[in-house]
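Trainee: What follows is work_28.cif; its format and atoms are mmCIF, C-alpha atoms.
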```
data_structure
loop_
_atom_site.group_PDB
_atom_site.id
_atom_site.type_symbol
_atom_site.label_atom_id
_atom_site.label_comp_id
_atom_site.auth_asym_id
_atom_site.auth_seq_id
_atom_site.Cartn_x
_atom_site.Cartn_y
_atom_site.Cartn_z
ATOM 1 C CA ASP A 40 144.168 33.237 113.608
ATOM 2 C CA LEU A 41 140.827 34.454 114.978
ATOM 3 C CA ALA A 42 138.427 35.439 112.172
ATOM 4 C CA ALA A 43 135.622 37.876 113.024
ATOM 5 C CA ALA A 44 133.168 35.793 110.977
ATOM 6 C CA ASP A 45 133.626 32.920 113.431
ATOM 7 C CA PHE A 46 132.064 35.053 116.199
ATOM 8 C CA ALA A 47 129.042 36.285 114.189
ATOM 9 C CA SER A 48 126.806 33.485 115.471
ATOM 10 C CA LYS A 49 127.443 34.638 119.052
ATOM 11 C CA VAL A 50 126.093 38.152 118.389
ATOM 12 C CA LYS A 51 122.444 38.839 119.226
ATOM 13 C CA VAL A 52 121.052 42.171 117.985
ATOM 14 C CA THR A 53 118.097 43.805 119.745
ATOM 15 C CA ASP A 54 115.564 46.176 118.182
ATOM 16 C CA ASP A 55 116.899 48.979 120.379
ATOM 17 C CA GLU A 56 120.378 48.472 118.923
ATOM 18 C CA LEU A 57 118.974 48.545 115.373
ATOM 19 C CA HIS A 58 117.102 51.787 116.098
ATOM 20 C CA ALA A 59 120.187 53.329 117.678
ATOM 21 C CA PHE A 60 122.367 52.431 114.673
ATOM 22 C CA TYR A 61 119.708 53.710 112.238
ATOM 23 C CA LYS A 62 119.498 57.027 114.108
ATOM 24 C CA ALA A 63 123.260 57.441 114.497
ATOM 25 C CA HIS A 64 123.905 56.840 110.797
ATOM 26 C CA ALA A 65 120.846 58.563 109.346
ATOM 27 C CA GLU A 66 122.821 60.077 106.440
ATOM 28 C CA ARG A 67 123.543 56.573 105.116
ATOM 29 C CA PHE A 68 119.868 55.766 104.793
ATOM 30 C CA ARG A 69 118.602 58.605 102.642
ATOM 31 C CA SER A 70 117.389 58.323 99.064
ATOM 32 C CA PRO A 71 118.801 61.156 96.905
ATOM 33 C CA GLU A 72 116.517 63.671 95.212
ATOM 34 C CA SER A 73 115.365 62.631 91.769
ATOM 35 C CA ALA A 74 112.852 63.493 89.087
ATOM 36 C CA ASP A 75 110.754 61.447 86.703
ATOM 37 C CA VAL A 76 110.406 63.397 83.469
ATOM 38 C CA GLU A 77 108.964 63.237 80.010
ATOM 39 C CA TYR A 78 110.983 64.734 77.192
ATOM 40 C CA LEU A 79 111.097 65.467 73.469
ATOM 41 C CA VAL A 80 114.166 65.366 71.237
ATOM 42 C CA LEU A 81 114.561 67.121 67.888
ATOM 43 C CA ASP A 82 117.555 65.485 66.208
ATOM 44 C CA VAL A 83 118.899 66.406 62.779
ATOM 45 C CA ASN A 84 120.110 62.829 62.226
ATOM 46 C CA SER A 85 116.578 61.496 62.664
ATOM 47 C CA LEU A 86 115.341 64.004 60.091
ATOM 48 C CA THR A 87 117.943 62.803 57.586
ATOM 49 C CA SER A 88 116.351 59.373 57.203
ATOM 50 C CA SER A 89 112.902 60.893 56.667
ATOM 51 C CA ILE A 90 113.916 62.975 53.638
ATOM 52 C CA GLN A 91 112.347 61.717 50.400
ATOM 53 C CA LEU A 92 114.608 62.104 47.343
ATOM 54 C CA PRO A 93 113.144 62.143 43.811
ATOM 55 C CA GLU A 94 115.452 60.410 41.319
ATOM 56 C CA GLN A 95 115.585 63.575 39.205
ATOM 57 C CA ASP A 96 117.053 65.552 42.129
ATOM 58 C CA VAL A 97 119.931 63.078 42.424
ATOM 59 C CA LYS A 98 120.580 63.227 38.681
ATOM 60 C CA SER A 99 120.532 67.043 38.605
ATOM 61 C CA TYR A 100 122.888 67.226 41.582
ATOM 62 C CA TYR A 101 125.283 64.847 39.826
ATOM 63 C CA GLU A 102 125.302 66.927 36.632
ATOM 64 C CA GLN A 103 125.961 70.136 38.570
ATOM 65 C CA ASN A 104 128.755 68.632 40.692
ATOM 66 C CA VAL A 105 130.267 65.983 38.423
ATOM 67 C CA GLN A 106 133.729 67.573 38.459
ATOM 68 C CA ARG A 107 133.917 67.751 42.257
ATOM 69 C CA LEU A 108 132.538 64.245 42.666
ATOM 70 C CA SER A 109 135.019 62.831 40.182
ATOM 71 C CA GLY A 110 138.089 63.748 42.197
ATOM 72 C CA GLN A 111 141.134 65.923 41.567
ATOM 73 C CA GLU A 112 143.239 66.552 38.539
ATOM 74 C CA GLN A 113 146.771 65.288 39.233
ATOM 75 C CA ARG A 114 149.945 66.902 37.926
ATOM 76 C CA ARG A 115 153.499 65.598 37.802
ATOM 77 C CA ALA A 116 156.429 67.970 38.063
ATOM 78 C CA SER A 117 160.171 68.075 38.598
ATOM 79 C CA HIS A 118 162.054 70.921 40.190
ATOM 80 C CA VAL A 119 165.458 72.312 40.955
ATOM 81 C CA LEU A 120 165.596 73.867 44.423
ATOM 82 C CA ILE A 121 168.192 76.306 45.685
ATOM 83 C CA THR A 122 167.457 76.542 49.395
ATOM 84 C CA ALA A 123 167.170 79.809 51.297
ATOM 85 C CA ALA A 124 165.318 80.042 54.590
ATOM 86 C CA LYS A 125 162.689 82.775 54.677
ATOM 87 C CA ASP A 126 164.417 84.360 57.698
ATOM 88 C CA ALA A 127 167.915 84.112 56.177
ATOM 89 C CA PRO A 128 169.955 87.321 55.754
ATOM 90 C CA ALA A 129 169.056 89.271 52.610
ATOM 91 C CA ALA A 130 172.556 88.737 51.183
ATOM 92 C CA ASP A 131 172.189 84.942 51.458
ATOM 93 C CA ARG A 132 168.798 85.008 49.753
ATOM 94 C CA GLN A 133 170.173 87.200 46.964
ATOM 95 C CA GLN A 134 173.041 84.785 46.443
ATOM 96 C CA ALA A 135 170.590 81.838 46.252
ATOM 97 C CA ARG A 136 168.410 83.759 43.795
ATOM 98 C CA ALA A 137 171.388 84.528 41.613
ATOM 99 C CA LYS A 138 172.289 80.818 41.524
ATOM 100 C CA ALA A 139 168.702 79.938 40.523
ATOM 101 C CA ASP A 140 168.720 82.601 37.782
ATOM 102 C CA GLU A 141 171.987 81.190 36.445
ATOM 103 C CA LEU A 142 170.561 77.646 36.311
ATOM 104 C CA LEU A 143 167.361 78.882 34.642
ATOM 105 C CA ALA A 144 169.371 80.566 31.892
ATOM 106 C CA GLN A 145 171.216 77.287 31.377
ATOM 107 C CA LEU A 146 167.929 75.357 31.137
ATOM 108 C CA ARG A 147 166.427 77.829 28.682
ATOM 109 C CA LYS A 148 169.299 77.011 26.333
ATOM 110 C CA SER A 149 169.071 73.261 26.964
ATOM 111 C CA PRO A 150 165.590 72.216 28.261
ATOM 112 C CA LYS A 151 166.354 68.519 27.809
ATOM 113 C CA SER A 152 169.103 68.700 30.425
ATOM 114 C CA PHE A 153 166.592 69.414 33.236
ATOM 115 C CA ALA A 154 167.004 66.043 34.997
ATOM 116 C CA GLU A 155 170.808 66.242 34.820
ATOM 117 C CA VAL A 156 170.843 69.832 36.131
ATOM 118 C CA ALA A 157 168.525 68.796 38.993
ATOM 119 C CA ARG A 158 170.743 65.854 39.965
ATOM 120 C CA LYS A 159 173.871 68.039 40.074
ATOM 121 C CA ASN A 160 172.445 71.236 41.573
ATOM 122 C CA SER A 161 169.113 70.751 43.348
ATOM 123 C CA GLN A 162 169.290 71.038 47.127
ATOM 124 C CA ASP A 163 166.086 69.068 47.694
ATOM 125 C CA PRO A 164 167.391 65.757 49.092
ATOM 126 C CA GLY A 165 164.093 63.991 48.417
ATOM 127 C CA SER A 166 164.031 64.538 44.663
ATOM 128 C CA ALA A 167 167.504 65.541 43.443
ATOM 129 C CA ALA A 168 168.680 61.952 42.922
ATOM 130 C CA LYS A 169 165.564 61.323 40.794
ATOM 131 C CA GLY A 170 166.297 64.264 38.491
ATOM 132 C CA GLY A 171 163.981 66.493 40.525
ATOM 133 C CA ASP A 172 160.905 64.282 40.001
ATOM 134 C CA LEU A 173 158.105 64.871 42.558
ATOM 135 C CA GLU A 174 155.664 62.269 41.177
ATOM 136 C CA TYR A 175 151.944 63.083 40.798
ATOM 137 C CA PHE A 176 150.183 65.391 43.248
ATOM 138 C CA GLY A 177 146.923 67.320 43.504
ATOM 139 C CA ARG A 178 146.002 70.742 44.814
ATOM 140 C CA GLY A 179 146.812 71.273 48.470
ATOM 141 C CA ALA A 180 149.895 69.050 48.486
ATOM 142 C CA MET A 181 152.521 71.752 47.878
ATOM 143 C CA VAL A 182 153.220 75.229 49.239
ATOM 144 C CA LYS A 183 150.978 77.794 47.546
ATOM 145 C CA PRO A 184 153.486 79.642 45.308
ATOM 146 C CA PHE A 185 154.705 76.283 43.990
ATOM 147 C CA GLU A 186 151.155 74.969 43.474
ATOM 148 C CA ASP A 187 149.988 78.171 41.754
ATOM 149 C CA ALA A 188 152.868 77.950 39.304
ATOM 150 C CA VAL A 189 152.368 74.230 38.541
ATOM 151 C CA PHE A 190 148.620 74.507 37.907
ATOM 152 C CA ALA A 191 149.106 77.503 35.615
ATOM 153 C CA MET A 192 151.673 75.741 33.379
ATOM 154 C CA LYS A 193 151.349 73.708 30.196
ATOM 155 C CA GLU A 194 152.784 70.222 29.897
ATOM 156 C CA GLY A 195 156.519 70.295 29.121
ATOM 157 C CA GLN A 196 156.875 73.960 30.148
ATOM 158 C CA ILE A 197 159.686 75.209 32.409
ATOM 159 C CA SER A 198 158.733 77.977 34.842
ATOM 160 C CA ASP A 199 160.523 81.165 35.759
ATOM 161 C CA VAL A 200 162.170 81.180 39.206
ATOM 162 C CA VAL A 201 159.478 80.643 41.849
ATOM 163 C CA GLU A 202 160.128 81.856 45.387
ATOM 164 C CA SER A 203 158.743 79.989 48.431
ATOM 165 C CA ASP A 204 159.558 79.651 52.134
ATOM 166 C CA PHE A 205 162.006 76.871 51.169
ATOM 167 C CA GLY A 206 163.989 78.938 48.691
ATOM 168 C CA PHE A 207 163.961 79.283 44.901
ATOM 169 C CA HIS A 208 162.482 76.698 42.536
ATOM 170 C CA ILE A 209 162.701 76.077 38.826
ATOM 171 C CA ILE A 210 159.805 73.816 37.863
ATOM 172 C CA LYS A 211 159.142 71.613 34.874
ATOM 173 C CA LEU A 212 155.604 70.278 34.351
ATOM 174 C CA THR A 213 156.096 66.758 33.023
ATOM 175 C CA ALA A 214 152.557 65.317 32.892
ATOM 176 C CA ILE A 215 148.871 66.067 33.527
ATOM 177 C CA LYS A 216 146.413 63.408 34.667
ATOM 178 C CA PRO A 217 142.853 64.775 34.274
ATOM 179 C CA ALA A 218 140.263 63.976 36.894
ATOM 180 C CA ALA A 219 138.533 60.777 35.848
ATOM 181 C CA THR A 220 134.769 61.191 35.522
ATOM 182 C CA ARG A 221 132.991 58.763 37.838
ATOM 183 C CA PRO A 222 129.601 57.448 36.673
ATOM 184 C CA LEU A 223 126.409 58.303 38.550
ATOM 185 C CA SER A 224 126.037 54.698 39.717
ATOM 186 C CA GLU A 225 129.405 54.933 41.478
ATOM 187 C CA VAL A 226 128.702 58.166 43.382
ATOM 188 C CA LYS A 227 124.935 57.866 43.852
ATOM 189 C CA ALA A 228 125.226 56.810 47.504
ATOM 190 C CA ASN A 229 127.471 59.817 48.271
ATOM 191 C CA ILE A 230 125.085 62.188 46.483
ATOM 192 C CA ASP A 231 122.125 60.732 48.330
ATOM 193 C CA ASP A 232 123.887 61.272 51.666
ATOM 194 C CA GLU A 233 124.970 64.833 50.799
ATOM 195 C CA ILE A 234 121.495 65.913 49.705
ATOM 196 C CA ARG A 235 119.824 64.287 52.704
ATOM 197 C CA ARG A 236 122.192 65.986 55.156
ATOM 198 C CA THR A 237 121.752 69.360 53.439
ATOM 199 C CA GLU A 238 117.959 69.099 53.376
ATOM 200 C CA ALA A 239 117.841 67.778 56.949
ATOM 201 C CA GLY A 240 119.928 70.765 58.071
ATOM 202 C CA LYS A 241 117.443 73.168 56.452
ATOM 203 C CA LYS A 242 114.475 71.314 57.914
ATOM 204 C CA PHE A 243 116.086 71.227 61.367
ATOM 205 C CA ALA A 244 116.686 74.995 61.301
ATOM 206 C CA SER A 245 113.015 75.564 60.488
ATOM 207 C CA LEU A 246 111.640 73.089 63.033
ATOM 208 C CA ALA A 247 114.063 74.205 65.754
ATOM 209 C CA GLU A 248 112.462 77.642 65.806
ATOM 210 C CA THR A 249 108.964 76.141 66.172
ATOM 211 C CA PHE A 250 110.213 73.668 68.802
ATOM 212 C CA THR A 251 111.917 76.400 70.851
ATOM 213 C CA ASN A 252 108.977 78.796 70.690
ATOM 214 C CA MET A 253 106.250 76.258 71.481
ATOM 215 C CA VAL A 254 107.874 74.669 74.559
ATOM 216 C CA TYR A 255 108.176 78.214 75.953
ATOM 217 C CA GLU A 256 104.821 79.651 74.850
ATOM 218 C CA GLN A 257 102.816 76.567 75.922
ATOM 219 C CA PRO A 258 104.758 75.687 79.092
ATOM 220 C CA ASP A 259 102.275 73.314 80.756
ATOM 221 C CA SER A 260 102.718 70.388 78.375
ATOM 222 C CA LEU A 261 104.941 68.938 75.653
ATOM 223 C CA LYS A 262 101.957 67.471 73.792
ATOM 224 C CA PRO A 263 101.221 70.486 71.563
ATOM 225 C CA VAL A 264 104.752 70.613 70.126
ATOM 226 C CA ALA A 265 104.901 66.800 69.871
ATOM 227 C CA GLU A 266 101.714 66.759 67.808
ATOM 228 C CA LYS A 267 102.753 69.747 65.722
ATOM 229 C CA LEU A 268 106.141 68.285 64.747
ATOM 230 C CA GLY A 269 105.287 64.594 64.831
ATOM 231 C CA LEU A 270 107.679 63.818 67.686
ATOM 232 C CA LYS A 271 107.342 61.047 70.264
ATOM 233 C CA ILE A 272 107.241 61.908 73.962
ATOM 234 C CA GLU A 273 109.683 59.715 75.909
ATOM 235 C CA VAL A 274 109.949 59.120 79.671
ATOM 236 C CA ALA A 275 113.075 58.953 81.861
ATOM 237 C CA GLU A 276 112.847 57.999 85.546
ATOM 238 C CA ARG A 277 114.998 58.888 88.559
ATOM 239 C CA LEU A 278 117.102 61.558 86.913
ATOM 240 C CA MET A 279 119.516 63.287 89.291
ATOM 241 C CA ARG A 280 121.366 66.588 89.148
ATOM 242 C CA LYS A 281 124.494 64.936 87.807
ATOM 243 C CA PRO A 282 124.750 62.569 84.805
ATOM 244 C CA ASN A 283 124.299 58.878 85.570
ATOM 245 C CA GLN A 284 127.630 57.231 84.700
ATOM 246 C CA SER A 285 125.935 53.900 84.020
ATOM 247 C CA LEU A 286 123.923 55.380 81.129
ATOM 248 C CA PRO A 287 125.299 55.935 77.610
ATOM 249 C CA LYS A 288 127.209 59.215 77.413
ATOM 250 C CA GLN A 289 125.310 60.243 74.290
ATOM 251 C CA ALA A 290 121.846 59.907 75.892
ATOM 252 C CA SER A 291 120.231 63.327 75.399
ATOM 253 C CA PHE A 292 118.427 63.295 78.790
ATOM 254 C CA ASN A 293 121.674 62.461 80.618
ATOM 255 C CA GLN A 294 123.520 65.657 79.598
ATOM 256 C CA PRO A 295 124.556 68.237 82.246
ATOM 257 C CA LYS A 296 122.826 71.170 80.485
ATOM 258 C CA PHE A 297 119.500 69.338 80.314
ATOM 259 C CA LEU A 298 119.709 68.122 83.933
ATOM 260 C CA ALA A 299 120.426 71.679 85.063
ATOM 261 C CA ALA A 300 117.263 72.828 83.277
ATOM 262 C CA ILE A 301 115.181 70.003 84.812
ATOM 263 C CA PHE A 302 116.280 70.871 88.354
ATOM 264 C CA ALA A 303 115.748 74.616 87.899
ATOM 265 C CA ASP A 304 112.967 76.180 89.993
ATOM 266 C CA ASP A 305 110.674 76.881 87.041
ATOM 267 C CA ALA A 306 110.645 73.218 86.017
ATOM 268 C CA LEU A 307 110.441 71.771 89.557
ATOM 269 C CA LYS A 308 108.199 74.184 91.415
ATOM 270 C CA ASN A 309 106.069 75.609 88.624
ATOM 271 C CA LYS A 310 105.964 72.354 86.626
ATOM 272 C CA HIS A 311 106.759 74.251 83.425
ATOM 273 C CA ASN A 312 108.520 72.822 80.380
ATOM 274 C CA THR A 313 112.238 73.412 80.317
ATOM 275 C CA GLU A 314 113.573 75.620 77.574
ATOM 276 C CA ALA A 315 114.831 73.925 74.416
ATOM 277 C CA VAL A 316 118.348 72.847 75.394
ATOM 278 C CA GLU A 317 121.052 72.206 72.782
ATOM 279 C CA VAL A 318 122.929 69.136 74.039
ATOM 280 C CA GLY A 319 124.925 68.468 70.873
ATOM 281 C CA PRO A 320 125.299 69.608 67.259
ATOM 282 C CA GLY A 321 121.833 69.415 65.740
ATOM 283 C CA ILE A 322 120.209 68.034 68.928
ATOM 284 C CA LEU A 323 117.565 69.937 70.931
ATOM 285 C CA ILE A 324 115.751 68.518 73.956
ATOM 286 C CA ALA A 325 112.984 69.881 76.172
ATOM 287 C CA GLY A 326 111.607 68.215 79.292
ATOM 288 C CA HIS A 327 108.667 68.343 81.690
ATOM 289 C CA VAL A 328 108.812 67.070 85.280
ATOM 290 C CA LEU A 329 106.208 64.397 86.029
ATOM 291 C CA GLU A 330 107.216 63.815 89.647
ATOM 292 C CA TYR A 331 109.898 65.317 91.879
ATOM 293 C CA LYS A 332 111.193 63.272 94.791
ATOM 294 C CA PRO A 333 113.229 65.289 97.318
ATOM 295 C CA VAL A 334 115.904 63.785 99.535
ATOM 296 C CA SER A 335 114.055 61.475 101.953
ATOM 297 C CA LYS A 336 114.718 59.062 104.786
ATOM 298 C CA ILE A 337 114.472 55.388 103.840
ATOM 299 C CA PRO A 338 112.129 53.607 106.328
ATOM 300 C CA LEU A 339 113.890 51.387 108.863
ATOM 301 C CA ALA A 340 111.874 48.390 107.691
ATOM 302 C CA GLU A 341 113.465 48.652 104.209
ATOM 303 C CA VAL A 342 117.027 48.690 105.520
ATOM 304 C CA LYS A 343 116.654 46.568 108.655
ATOM 305 C CA THR A 344 118.460 43.566 107.156
ATOM 306 C CA ILE A 345 121.359 45.757 105.999
ATOM 307 C CA ILE A 346 121.696 47.399 109.431
ATOM 308 C CA GLU A 347 121.536 44.062 111.195
ATOM 309 C CA GLY A 348 124.384 42.754 109.043
ATOM 310 C CA GLN A 349 126.515 45.829 109.773
ATOM 311 C CA VAL A 350 125.866 45.654 113.548
ATOM 312 C CA VAL A 351 126.630 41.919 113.661
ATOM 313 C CA SER A 352 129.829 42.477 111.704
ATOM 314 C CA ALA A 353 130.979 45.274 114.028
ATOM 315 C CA GLU A 354 130.180 43.297 117.219
ATOM 316 C CA ALA A 355 131.845 40.137 115.844
ATOM 317 C CA GLU A 356 134.967 42.181 115.153
ATOM 318 C CA LYS A 357 135.001 43.348 118.789
ATOM 319 C CA LEU A 358 134.587 39.784 120.097
ATOM 320 C CA SER A 359 137.350 38.552 117.815
ATOM 321 C CA LYS A 360 139.700 41.285 118.982
ATOM 322 C CA ALA A 361 138.899 40.670 122.661
ATOM 323 C CA ALA A 362 139.467 36.919 122.258
ATOM 324 C CA GLY A 363 142.748 37.568 120.490
ATOM 325 C CA GLU A 364 143.986 39.886 123.241
ATOM 326 C CA LYS A 365 142.971 37.357 125.907
ATOM 327 C CA LYS A 366 144.791 34.547 124.138
ATOM 328 C CA LEU A 367 147.872 36.746 123.674
ATOM 329 C CA ALA A 368 147.861 37.633 127.404
#
```
For the structure just supplied, provide its representation as structure tokens.
Mentor:
Amino acid sequence: DLAAADFASKVKVTDDELHAFYKAHAERFRSPESADVEYLVLDVNSLTSSIQLPEQDVKSYYEQNVQRLSGQEQRRASHVLITAAKDAPAADRQQARAKADELLAQLRKSPKSFAEVARKNSQDPGSAAKGGDLEYFGRGAMVKPFEDAVFAMKEGQISDVVESDFGFHIIKLTAIKPAATRPLSEVKANIDDEIRRTEAGKKFASLAETFTNMVYEQPDSLKPVAEKLGLKIEVAERLMRKPNQSLPKQASFNQPKFLAAIFADDALKNKHNTEAVEVGPGILIAGHVLEYKPVSKIPLAEVKTIIEGQVVSAEAEKLSKAAGEKKLA
């Protein structure tokens, strides 16, 4: 077993060989183009934390939205279902409707027999065995014709025949559970968040117009818009045309749309601000190139050690192979 590493000490590399390798593999020793930039970000989430909320605003919001904040009214119902697919032949649907009408007439005469009638006749496998009971539910849980009927009924009432995509229902409203009013102390955090997000959205819309106009109308610097809106100018170095995979994906300056704007001719050659680029919901960024570094050759002195290692490795491999062939012969 002849390892190439064992022959490395026998290899002597001359300066001419280093130069030759450097010249032959010039593409390996180039630094990619890059740009050092300064940038500004207008972010709706940052605005949210800066919103000041008077206590009275929170209280007023609570009073105006107490019903929504307190949750849904729940209703409990039972039903008898005679199934009929919506695309079933008309004769089959008529037959199912006739059966439902017959059962409704029976229930009108004897309302207290609803559970028994459901157990014997309902074709809903999930509720028939329970006398048609569907437990409590809120709006949005049932198909619309069924829901509309239930939320228009009074407790204890039996509906007319209600048609849905599942077939024909006879419904009995068995109980109503009103939405429980939640105290302000319990929902204050939610209210605070809702108001802040709403106000931040309005503020962002207003500032976004100023931000967009100023970076375009005063293209030689980001300072005027930074001072106007109270934003901090940040710096990012060695940006390239494609996102850097080692950086966080959410970094505003590492987004493809922003990088495309940075490497556009107007930003590189004319040193103008980029346009305001939307890189996410509620996130605008504008940049200004501080220094552009085109593709360039790395000096031999900086890569000499690397080249020497590669040449030694290649020559050691040749010596190892030659020794192996000799030994084999």
Trainee: Find the residues around stretch 180-191 of chain A up to 8 Å (only C-alpha atoms counted), leave out those fewer than 6 positions away in its own chain, and share them as a ChimeraX atom specification.
Mentor: /A:114,116,198,201-203,208,210,212
Trainee: Can you check which parts of stretch 203-290 of chain A lie within 8 Å of stretch 88-107 of chain A? Per residue, the shortest pair of atoms and distance in Å to one decimal, counting all atoms listed in the file, sorted by chain and number, as a Markdown table.
Mentor:
```
| residue | atom | partner | partner_atom | distance |
| --- | --- | --- | --- | --- |
| A:Ala218 | CA | A:Gln106 | CA | 7.6 |
| A:Thr220 | CA | A:Gln106 | CA | 7.1 |
| A:Arg221 | CA | A:Val105 | CA | 7.7 |
| A:Leu223 | CA | A:Tyr101 | CA | 6.8 |
| A:Lys227 | CA | A:Val97 | CA | 7.4 |
| A:Ile230 | CA | A:Val97 | CA | 6.6 |
| A:Asp231 | CA | A:Val97 | CA | 6.7 |
| A:Ile234 | CA | A:Val97 | CA | 8.0 |
| A:Arg235 | CA | A:Ile90 | CA | 6.1 |
| A:Glu238 | CA | A:Ile90 | CA | 7.3 |
| A:Ala239 | CA | A:Ile90 | CA | 7.0 |
```
Trainee: Just want the 12 Å neighbourhood of A:Glu341, counted on only C-alpha atoms, with same-chain residues fewer than 3 positions away dropped. Output as a CSV table (one decimal) with C-alpha atoms, in the frame of the given file.
Mentor:
```
chain,number,residue,atom,x,y,z
A,61,TYR,CA,119.7,53.7,112.2
A,68,PHE,CA,119.9,55.8,104.8
A,69,ARG,CA,118.6,58.6,102.6
A,70,SER,CA,117.4,58.3,99.1
A,336,LYS,CA,114.7,59.1,104.8
A,337,ILE,CA,114.5,55.4,103.8
A,338,PRO,CA,112.1,53.6,106.3
A,344,THR,CA,118.5,43.6,107.2
A,345,ILE,CA,121.4,45.8,106.0
A,346,ILE,CA,121.7,47.4,109.4
A,347,GLU,CA,121.5,44.1,111.2
```
Trainee: Counting all atoms listed in the file, what is within 12 Å of A:Asp304, bar same-chain residues fewer than 5 positions away, as number ranges by chain?
Mentor: A: 299, 309-313, 328, 331
Trainee: May I ask which of the residues A:Gly206, A:Gly348, A:Ala265, A:Thr53 is the closest one to A:Ala124, counting all atoms listed in the file?
Mentor: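 Looking at the shortest contact to A:Ala124, the residue is A:Gly206.
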